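> I have a structure here, written as structure tokens, and I will follow up with some questions on it.
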2 protein chains.
Amino acid sequence: MNLFRNFKSVTKTCYGRGSFDKLGEILEPQRSANKQFMVFVVDDYFADKEDFRKRIPARSEDEIHFISSLKEPSTTQIDALRDDVLARRGLPAGIIGIGGGTVMDIAKATSLMFTNEGSSVQYQGLNLIKKPGIYHCGVPTISGTGAEVSMTAVLTGPVKKLGLKCDWTVLDQIVLDPDLIATVPQDQWFYTGMDTYIHSVEAITGTKKNTFAEAYSEKALELCREVFLKRDRKDPKSDEFLMVASYMGGLSLTYSEVGVCHALSYGLGKVLEIHHCLANCIAFDKLEDVYGDNVQEFKGMVKHNNIHIPQGLAKGWSEETISAMAEVAYNLPHMWDHAFGPEWEKVLDRERIKGWYRRM
Amino acid sequence: MNLFRNFKSVTKTCYGRGSFDKLGEILEPQRSANKQFMVFVVDDYFADKEDFRKRIPARSEDEIHFISSLKEPSTTQIDALRDDVLARRGLPAGIIGIGGGTVMDIAKATSLMFTNEGSSVQYQGLNLIKKPGIYHCGVPTISGTGAEVSMTAVLTGPVKKLGLKCDWTVLDQIVLDPDLIATVPQDQWFYTGMDTYIHSVEAITGTKKNTFAEAYSEKALELCREVFLKRDRKDPKSDEFLMVASYMGGLSLTYSEVGVCHALSYGLGKVLEIHHCLANCIAFDKLEDVYGDNVQEFKGMVKHNNIHIPQGLAKGWSEETISAMAEVAYNLPHMWDHAFGPEWEKVLDRERIKGWYRRM
């Protein structure tokens with residue numbers, strides 16, 4: 001049985017329009033732990049959105065940190081945030097991430113680093129964390145990464161881009177309020193939503209999936225079609241569907257893996273610092289030889305929503321850059337194994353990977 | 001927001017063929033609690049299945065109780081099991097239910113009653129339980145009830161048939177092994193599978209659902225169609241689909257309610273002690289005026305699988321029996337409210353309910 005996994009679920013889930021206004025009530029029973037204050041990490045997109053800020057249920061003893069999601073989270077950033085809070089205030093009762101995958105991953109990682117000594121660098125990998133973290137809650141304000149349900153918090157370290165991955169990484173609470181994603185700028189809304197479309201396609205087309213993963217992938221894909229092909233973004237159901245698609249797309253990976261697109265995307269991210277969701281779109285657009293009809297469908301979604309996917313990027317890349325990205329991608333054997341089976345080395349070498357990059 | 005709910009998930013989920021053989025490994029870290037022994041409650045269908053018995057990972061210090069699922073669980077039965085174990089051995093480390101909804105509900109309820117004093121009768125209802133129970137794990141050997149993911153353990157008491165319903169009721173662990181349901185006798189396999197079909201139909205056709213519930217219902221229904229209409233039971237995918245359908249059908253109720261069929265089924269259960277899943281089938285078969293196309297589809301499934309749904313039962317029922325069942329059903333206002341909306345009393349009276357029973 002190569003698919004034996006015993007996965008940890010998010011402890012509590014609150015889904016529904018307006019549920020963000022229940023966050024204060026949800027946090028209440030958690031406030032008595034440790035030094036009895038909460039740390040909110042919030043995407044700095046909201047720093048000047050006065051109406052939204054007022055709705056964050058922070059009390060006078062709590063702290064709000066506005067955090068840029070332009071760069072993906074780094075080990076240095078997590079360590080610094082933890083050290084700063086511990087030095088000034090001691091151990092918080094909990095941490096709440098309000099934002100996209102980046103901000104939720106910061107909440108997840110910092111929760112763990114509050115109780116595990118040393119630098120987060122030493123915990124990058126599977127099951128290296130020694131102790132459960134403090135209470136951590138995620139409130140997505142953009143949908144698609146699946147970070148709300150995943151057991152990893154991906155961090156860029158000095159050497160590796162790799163997650164703190166263990167059962168304790170999984171959030172204790174998520175609040176899924178479709179109203180929150182209504183105002184996301186169009187391009188970002190699309191790129192991030194495509195993360196769930198793309199990893200659901202990858203999950204279902206590889207060798208390491210099972211029926212549980214298939215059911216979640218299929219439903220996530222169906223919901224993506226409603227959102228990105230059949231309906232208009234103004235349709236009130238659209239945000240509701242997308243939020244469920246992200247949740248189910250995330251769960252499709254509990255019993256499967258990502259594939260070729262994510263491998264290429266990691267190369268773009270590591271070498272050129274292209275944001276994960278945009279990098280996925282740039283790569284998927286050129287993967288017709290692997291994901292055939294789904295790439296056609298993706299192009300239809302791009303057109304339906306008037307989105308621009310950057311083209312002709314490779315003209316500006318040196319051979320060194322392309323080789324460096326191919327090296328990053330090649331060194332993700334579990335993705336290739338899933339995509340092409342255990343004999344993947346027979347169909348894949350660095351040259352084929354470079355070929356994909358040259359098309360971008 | 002009438003749909004504000006913050007639902008608790010099963011903590012850990014292991015899905016896959018052969019995963020039953022991982023149960024010993026899964027229980028290992030739980031064994032050090034309390035008096036360091038485990039209680040297995042197992043459907044007595046397996047009492048003489050030597051091959052299966054050998055696979056139950058009970059150690060010499062553990063106890064196995066074979067339990068009949070002919071009758072649904074009662075408060076007396078739970079109290080007696082708890083008292084017996086406590087008197088002889090003290091507090092177990094955990095309890096594992098291996099069987100259908102009845103057996104899993106016994107494990108859930110007894111887990112709670114090990115730590116909450118007095119009779120289970122006093123805890124029938126929502127959030128009446130005072131303390132978390134002991135570790136509890138469910139292993140379905142028949143699929144459809146959704147008991148593996150629900151936050152209730154339905155018990156028949158001296159007055160009420162009502163669940164011990166709270167966050168702590170939810171299982172700490174489920175092991176979903178499609179191999180275990182392969183040998184279920186055909187009729188029971190069908191009746192129990194129809195529970196997920198029927199509550200998914202009810203969940204999606206009422207007024208109290210949201211998009212989260214819809215997504216789970218739709219996927220559960222699609223999987224039921226694969227199992228009961230399109231494929232043969234011998235198809236290796238069939239058991240895998242059914243197990244996921246039961247899981248997803250159960251989750252469809254986190255943000256919805258059951259409806260007319262379950263209300264009528266409760267009447268049949270309470271007054272005539274007809275087993276829940278069979279009662280559902282008897283009732284759903286006659287509900288074309290409410291669930292139109294789905295009743296047609298259900299009849300197609302009955303035919304495709306050569307199942308007999310009892311007919312002409314009402315001929316043997318007195319007016320008193322019919323009135324008694326109608327009274328039980330009428331007194332489930334949350335189901336009627338969901339099925340017909342807040343003004344349900346305008347379209348429903350006891351006479352209409354009796355009419356449905358007379359058709360059976």
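Here's how to read the names in the structure tokens: chain A, B, ... by the order shown, residue numbers from 1 in each chain, ligand numbers from 1 in the order shown.
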For range 39-48 of chain A, please output as a PyMOL selection string all residues within 9 Å (counting only C-alpha atoms; exclusion window: fewer than 5 positions along the same chain).

chain A and resi 53+56+58+62-69+85+92-100+102-104+106-107+141

> For the residues in the current selection, export N, CA, C and O atoms as a compact mmCIF listing (two decimals), in the first residue's frame.


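Full text of again06.txt as output:
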# COMPACT_ATOMS: atom_id res chain seq x y z
N ARG A 53 -10.27 47.03 8.57
CA ARG A 53 -9.47 47.03 9.80
C ARG A 53 -10.35 47.04 11.04
O ARG A 53 -10.07 46.36 12.03
N ILE A 56 -11.58 43.67 12.26
CA ILE A 56 -10.66 42.69 12.87
C ILE A 56 -10.88 42.71 14.38
O ILE A 56 -10.75 43.76 15.01
N ALA A 58 -9.52 42.56 17.15
CA ALA A 58 -8.35 42.66 18.02
C ALA A 58 -8.72 43.50 19.23
O ALA A 58 -9.36 44.55 19.09
N ASP A 62 -4.04 42.94 22.17
CA ASP A 62 -3.56 42.18 21.01
C ASP A 62 -2.63 43.02 20.13
O ASP A 62 -2.53 44.23 20.29
N GLU A 63 -1.95 42.34 19.19
CA GLU A 63 -1.10 43.05 18.24
C GLU A 63 -1.56 42.73 16.83
O GLU A 63 -1.87 41.58 16.53
N ILE A 64 -1.50 43.75 15.96
CA ILE A 64 -1.73 43.50 14.53
C ILE A 64 -0.44 43.80 13.79
O ILE A 64 0.12 44.88 13.94
N HIS A 65 0.03 42.82 13.02
CA HIS A 65 1.20 43.04 12.17
C HIS A 65 0.75 43.00 10.71
O HIS A 65 0.26 41.95 10.26
N PHE A 66 0.91 44.11 10.01
CA PHE A 66 0.60 44.08 8.57
C PHE A 66 1.82 43.59 7.82
O PHE A 66 2.93 44.06 8.05
N ILE A 67 1.62 42.63 6.95
CA ILE A 67 2.74 41.93 6.32
C ILE A 67 2.57 41.93 4.80
O ILE A 67 1.48 41.64 4.29
N SER A 68 3.62 42.26 4.10
CA SER A 68 3.57 42.25 2.64
C SER A 68 3.59 40.81 2.13
O SER A 68 4.34 39.98 2.62
N SER A 69 2.75 40.54 1.13
CA SER A 69 2.79 39.21 0.54
C SER A 69 3.44 39.25 -0.84
O SER A 69 3.29 38.33 -1.64
N VAL A 85 8.19 39.24 19.20
CA VAL A 85 7.02 39.11 20.07
C VAL A 85 7.40 38.51 21.43
O VAL A 85 7.01 39.01 22.49
N PRO A 92 2.26 34.32 23.14
CA PRO A 92 0.86 34.68 22.90
C PRO A 92 -0.08 33.49 23.10
O PRO A 92 0.36 32.34 23.09
N ALA A 93 -1.36 33.80 23.26
CA ALA A 93 -2.38 32.74 23.34
C ALA A 93 -2.59 32.10 21.98
O ALA A 93 -2.89 30.91 21.88
N GLY A 94 -2.43 32.89 20.93
CA GLY A 94 -2.65 32.35 19.60
C GLY A 94 -2.23 33.32 18.52
O GLY A 94 -1.89 34.48 18.81
N ILE A 95 -2.23 32.83 17.29
CA ILE A 95 -1.88 33.68 16.14
C ILE A 95 -2.91 33.46 15.04
O ILE A 95 -3.33 32.32 14.80
N ILE A 96 -3.33 34.56 14.43
CA ILE A 96 -4.39 34.51 13.42
C ILE A 96 -3.85 35.12 12.13
O ILE A 96 -3.40 36.26 12.13
N GLY A 97 -3.88 34.35 11.05
CA GLY A 97 -3.43 34.86 9.76
C GLY A 97 -4.63 35.26 8.91
O GLY A 97 -5.49 34.43 8.64
N ILE A 98 -4.66 36.52 8.49
CA ILE A 98 -5.76 37.01 7.66
C ILE A 98 -5.15 37.47 6.34
O ILE A 98 -4.50 38.51 6.27
N GLY A 99 -5.33 36.67 5.30
CA GLY A 99 -4.73 36.99 4.01
C GLY A 99 -4.72 35.77 3.11
O GLY A 99 -5.56 34.87 3.26
N GLY A 100 -3.76 35.71 2.20
CA GLY A 100 -3.67 34.58 1.27
C GLY A 100 -2.77 33.48 1.81
O GLY A 100 -2.48 33.43 3.01
N THR A 102 0.39 33.07 1.60
CA THR A 102 1.59 33.58 2.26
C THR A 102 1.32 33.91 3.72
O THR A 102 2.05 33.48 4.61
N VAL A 103 0.26 34.66 3.96
CA VAL A 103 -0.03 35.11 5.33
C VAL A 103 -0.47 33.93 6.20
O VAL A 103 -0.06 33.81 7.36
N MET A 104 -1.27 33.02 5.64
CA MET A 104 -1.68 31.85 6.44
C MET A 104 -0.47 30.97 6.76
O MET A 104 -0.36 30.44 7.87
N ILE A 106 2.55 32.05 7.15
CA ILE A 106 3.30 32.76 8.21
C ILE A 106 2.68 32.45 9.58
O ILE A 106 3.39 32.16 10.54
N ALA A 107 1.35 32.48 9.65
CA ALA A 107 0.68 32.16 10.92
C ALA A 107 1.00 30.73 11.35
O ALA A 107 1.29 30.45 12.52
N THR A 141 -8.37 35.61 2.56
CA THR A 141 -9.01 36.76 1.91
C THR A 141 -8.82 36.68 0.40
O THR A 141 -9.15 37.60 -0.33

> Could you list, with a cut-off of 6 Å and counting only C-alpha atoms, the residues of chain A near chain B, each shown with its nearest atom pair and the distance in Å rounded to one decimal, rows sorted by chain and ascending number, as a tab-separated table?


residue	atom	partner	partner_atom	distance
A:Arg5	CA	B:Cys14	CA	5.8
A:Asn6	CA	B:Cys14	CA	4.3
A:Phe7	CA	B:Thr13	CA	5.3
A:Lys8	CA	B:Lys12	CA	4.5
A:Ser9	CA	B:Thr11	CA	5.5
A:Thr11	CA	B:Ser9	CA	5.5
A:Lys12	CA	B:Lys8	CA	4.5
A:Thr13	CA	B:Phe7	CA	5.3
A:Cys14	CA	B:Asn6	CA	4.3

> Please produce an output containing C-alpha atoms for each residue in the selection, written as an mmCIF file, in the first residue's frame.


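And here's out-v7.cif as it stands now:
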data_model
loop_
_atom_site.group_PDB
_atom_site.id
_atom_site.type_symbol
_atom_site.label_atom_id
_atom_site.label_comp_id
_atom_site.auth_asym_id
_atom_site.auth_seq_id
_atom_site.Cartn_x
_atom_site.Cartn_y
_atom_site.Cartn_z
ATOM 1 C CA ARG A 5 -1.441 8.195 4.935
ATOM 2 C CA ASN A 6 -3.211 9.204 8.090
ATOM 3 C CA PHE A 7 -4.005 12.835 7.566
ATOM 4 C CA LYS A 8 -4.841 15.446 10.162
ATOM 5 C CA SER A 9 -7.819 17.708 9.456
ATOM 6 C CA THR A 11 -9.918 21.103 13.790
ATOM 7 C CA LYS A 12 -12.805 23.527 13.272
ATOM 8 C CA THR A 13 -14.259 25.037 10.117
ATOM 9 C CA CYS A 14 -16.675 27.895 9.827
#

> I'd like the contact shell of Ile322 in chain B - 10 Å cut-off, only C-alpha atoms, skipping same-chain residues fewer than 2 positions apart - returned as number ranges by chain.

B: 267-268, 271, 314, 317-320, 324-327, 353-358

> Please return as a PyMOL selection string: the residues of range 19-163 of chain B that backbone DSSP assigns to alpha helix (DSSP H).

chain B and resi 23-27+50-55+75-89+101-113

> Keeping only C-alpha atoms, take the residues you just selected and write them out as a PDB file, in the first residue's frame.


ATOM      1  CA  LEU B  23      -4.915   0.064  12.773  1.00  0.00           C
ATOM      2  CA  GLY B  24      -2.474  -1.450  15.285  1.00  0.00           C
ATOM      3  CA  GLU B  25       0.192   1.081  14.343  1.00  0.00           C
ATOM      4  CA  ILE B  26      -2.344   3.910  14.497  1.00  0.00           C
ATOM      5  CA  LEU B  27      -3.520   2.942  18.009  1.00  0.00           C
ATOM      6  CA  GLU B  50     -12.186 -16.157  12.054  1.00  0.00           C
ATOM      7  CA  ASP B  51     -10.066 -14.540   9.321  1.00  0.00           C
ATOM      8  CA  PHE B  52     -11.377 -11.112  10.150  1.00  0.00           C
ATOM      9  CA  ARG B  53     -11.142 -11.587  13.927  1.00  0.00           C
ATOM     10  CA  LYS B  54      -7.476 -12.378  13.615  1.00  0.00           C
ATOM     11  CA  ARG B  55      -6.895  -9.062  11.900  1.00  0.00           C
ATOM     12  CA  THR B  75     -29.103   4.529  26.474  1.00  0.00           C
ATOM     13  CA  THR B  76     -29.431   1.410  28.667  1.00  0.00           C
ATOM     14  CA  GLN B  77     -26.947  -0.476  26.526  1.00  0.00           C
ATOM     15  CA  ILE B  78     -24.350   2.337  26.653  1.00  0.00           C
ATOM     16  CA  ASP B  79     -24.694   2.801  30.415  1.00  0.00           C
ATOM     17  CA  ALA B  80     -24.373  -0.961  31.004  1.00  0.00           C
ATOM     18  CA  LEU B  81     -21.263  -1.296  28.823  1.00  0.00           C
ATOM     19  CA  ARG B  82     -19.619   1.662  30.546  1.00  0.00           C
ATOM     20  CA  ASP B  83     -20.500   0.428  34.067  1.00  0.00           C
ATOM     21  CA  ASP B  84     -19.300  -3.085  33.332  1.00  0.00           C
ATOM     22  CA  VAL B  85     -15.901  -2.002  31.989  1.00  0.00           C
ATOM     23  CA  LEU B  86     -15.320   0.591  34.714  1.00  0.00           C
ATOM     24  CA  ALA B  87     -16.216  -1.852  37.493  1.00  0.00           C
ATOM     25  CA  ARG B  88     -13.958  -4.610  36.194  1.00  0.00           C
ATOM     26  CA  ARG B  89     -11.015  -2.719  34.717  1.00  0.00           C
ATOM     27  CA  GLY B 101     -23.455   3.344  12.055  1.00  0.00           C
ATOM     28  CA  THR B 102     -24.851   1.495  15.073  1.00  0.00           C
ATOM     29  CA  VAL B 103     -21.467   0.213  16.229  1.00  0.00           C
ATOM     30  CA  MET B 104     -19.658   3.489  15.539  1.00  0.00           C
ATOM     31  CA  ASP B 105     -22.362   5.377  17.451  1.00  0.00           C
ATOM     32  CA  ILE B 106     -21.890   2.979  20.376  1.00  0.00           C
ATOM     33  CA  ALA B 107     -18.142   3.725  20.379  1.00  0.00           C
ATOM     34  CA  LYS B 108     -18.821   7.478  20.213  1.00  0.00           C
ATOM     35  CA  ALA B 109     -21.448   7.469  22.964  1.00  0.00           C
ATOM     36  CA  THR B 110     -19.550   5.139  25.302  1.00  0.00           C
ATOM     37  CA  SER B 111     -16.372   7.207  24.899  1.00  0.00           C
ATOM     38  CA  LEU B 112     -18.285  10.190  26.301  1.00  0.00           C
ATOM     39  CA  MET B 113     -20.068   8.236  29.028  1.00  0.00           C
TER      40      MET B 113
END

> Find the spatial neighbours of Cys281 in chain A, counting only C-alpha atoms, within a cut-off of 7 Å - ignore same-chain residues fewer than 3 positions away - and output them as a VMD selection string.

chain A and resid 191 277 to 278 284 to 285 309

> Write out as an mmCIF file with N, CA and C atoms, in the first residue's frame the residues lying within 8 Å of Val258 in chain B, counting only C-alpha atoms and excluding same-chain residues fewer than 6 positions away.


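out_27.cif was written with the following content:
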data_model
loop_
_atom_site.group_PDB
_atom_site.id
_atom_site.type_symbol
_atom_site.label_atom_id
_atom_site.label_comp_id
_atom_site.auth_asym_id
_atom_site.auth_seq_id
_atom_site.Cartn_x
_atom_site.Cartn_y
_atom_site.Cartn_z
ATOM 1 N N HIS B 199 -29.949 11.200 2.293
ATOM 2 C CA HIS B 199 -29.704 12.453 3.006
ATOM 3 C C HIS B 199 -28.977 13.486 2.155
ATOM 4 N N GLU B 202 -31.904 15.111 0.404
ATOM 5 C CA GLU B 202 -32.595 15.987 1.363
ATOM 6 C C GLU B 202 -31.772 17.243 1.663
ATOM 7 N N ALA B 203 -30.461 17.048 1.805
ATOM 8 C CA ALA B 203 -29.593 18.188 2.137
ATOM 9 C C ALA B 203 -29.658 19.254 1.055
ATOM 10 N N MET B 335 -36.693 19.568 10.553
ATOM 11 C CA MET B 335 -36.679 18.884 9.255
ATOM 12 C C MET B 335 -37.722 19.489 8.306
ATOM 13 N N HIS B 338 -36.614 22.914 7.131
ATOM 14 C CA HIS B 338 -35.625 22.787 6.056
ATOM 15 C C HIS B 338 -36.299 22.376 4.740
ATOM 16 N N ALA B 339 -37.199 21.387 4.804
ATOM 17 C CA ALA B 339 -37.806 20.846 3.584
ATOM 18 C C ALA B 339 -38.748 21.844 2.911
#
